[in-house]
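Asker: Below is one structure. I have some questions about it.
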Amino acid sequence: MTDRATIDRILTANRYCVLATADASGRPWATPVFFAPLGGDRLCWVSGADARHSRNIASRSSVAVTVFDSTVPVGSAEAAYFDATASRVPADEVDAALRALNDRLPSGRALSPADVNAGGPMDVYQARILHRYVLVRGGDPEHGNVLDMSLEV
């Protein structure tokens with residue numbers, strides 16, 4: 001099935017996404033980041049402001065995000081893809097983002113406001129989702145596709 005529930009299931013089941021950014025000249029960069037859904041239309045993560053992807057976001061906010069489980073056997077992959085606009089999370093929403101991230105961390109590990117406040121080692125970022133897509137495996141009877149494809153949801 002290719003609907004919003006599929007995307008929500010993929011987001012819930014996975015802890016890492018691949019974040020694709022580009023610098024001011026358009027040079028691409030992709031990196032894995034630990035993430036959490038933040039409401040129905042955002043994903044959040046923490047990164048250092050000097051990380052390459054963070055510097056890229058500062059100069060070009062358009063990003064692409066892919067979430068998938070790389071451990072499944074070939075031929076049984078599921079994936080969610082997003083076009084989004086990235087930025088730092090506004091100060092009044094940082095606590096909500098930290099709660100979402102901490103809910104996905106192992107027991108005994110937690111991000112604190114000190115980690116992300118001025119002078120802390122990280123900032124909290126968000127991707128505001130503009131478009132959602134799911135992977136449709138080749139041979140899907142509903143879509144009649146021979147090869148894998150993405151379908152906007």
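Residues are referred to by chain and number: the chain letter is A, B, ... according to the order shown in the structure tokens, the number counts from 1 in that chain, and ligands are numbered separately from 1 in the order shown.
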May I have the residues within 9 Å of segment 22-36 of chain A as a VMD selection string, using only C-alpha atoms and disregarding those fewer than 5 positions away in the same chain?

Answerer: chain A and resid 11 to 12 14 to 17 42 to 47 52 to 53 55 to 63 97 100 to 104

Asker: DSSP on the backbone, then: every residue of segment 77-106 of chain A marked helix (DSSP H, G or I), written as a VMD selection string.

Answerer: chain A and resid 91 to 102

Asker: From the options A:Arg99, A:His131, A:Arg4, A:Arg88, which residue's atoms come nearest to Leu38 of chain A, counting only C-alpha atoms?

Answerer: A:Arg99

Asker: Using only C-alpha atoms for the distances, tell me which of A:Pro113, A:Pro73, A:Gly144, A:Pro121 is nearest to Leu98 of chain A.

Answerer: A:Pro113

Asker: Quick one, how far is atom CA of Leu19 of chain A from atom CA of Val65 of chain A?

Answerer: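 Atom CA of Val65 of chain A lies 4.8 Å from atom CA of Leu19 of chain A.
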
Asker: Mind giving me the straight-line distance from atom CA of Thr6 of chain A to atom CA of Val134 of chain A in Å, one decimal?

Answerer: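 Computing the Euclidean distance for atom CA of Thr6 of chain A and atom CA of Val134 of chain A yields 7.8 Å.
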
Asker: Take atom CA of Val89 of chain A and atom CA of Val67 of chain A and report the distance between them in Å, one decimal.

Answerer: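 Distance between the two atoms: 20.3 Å.
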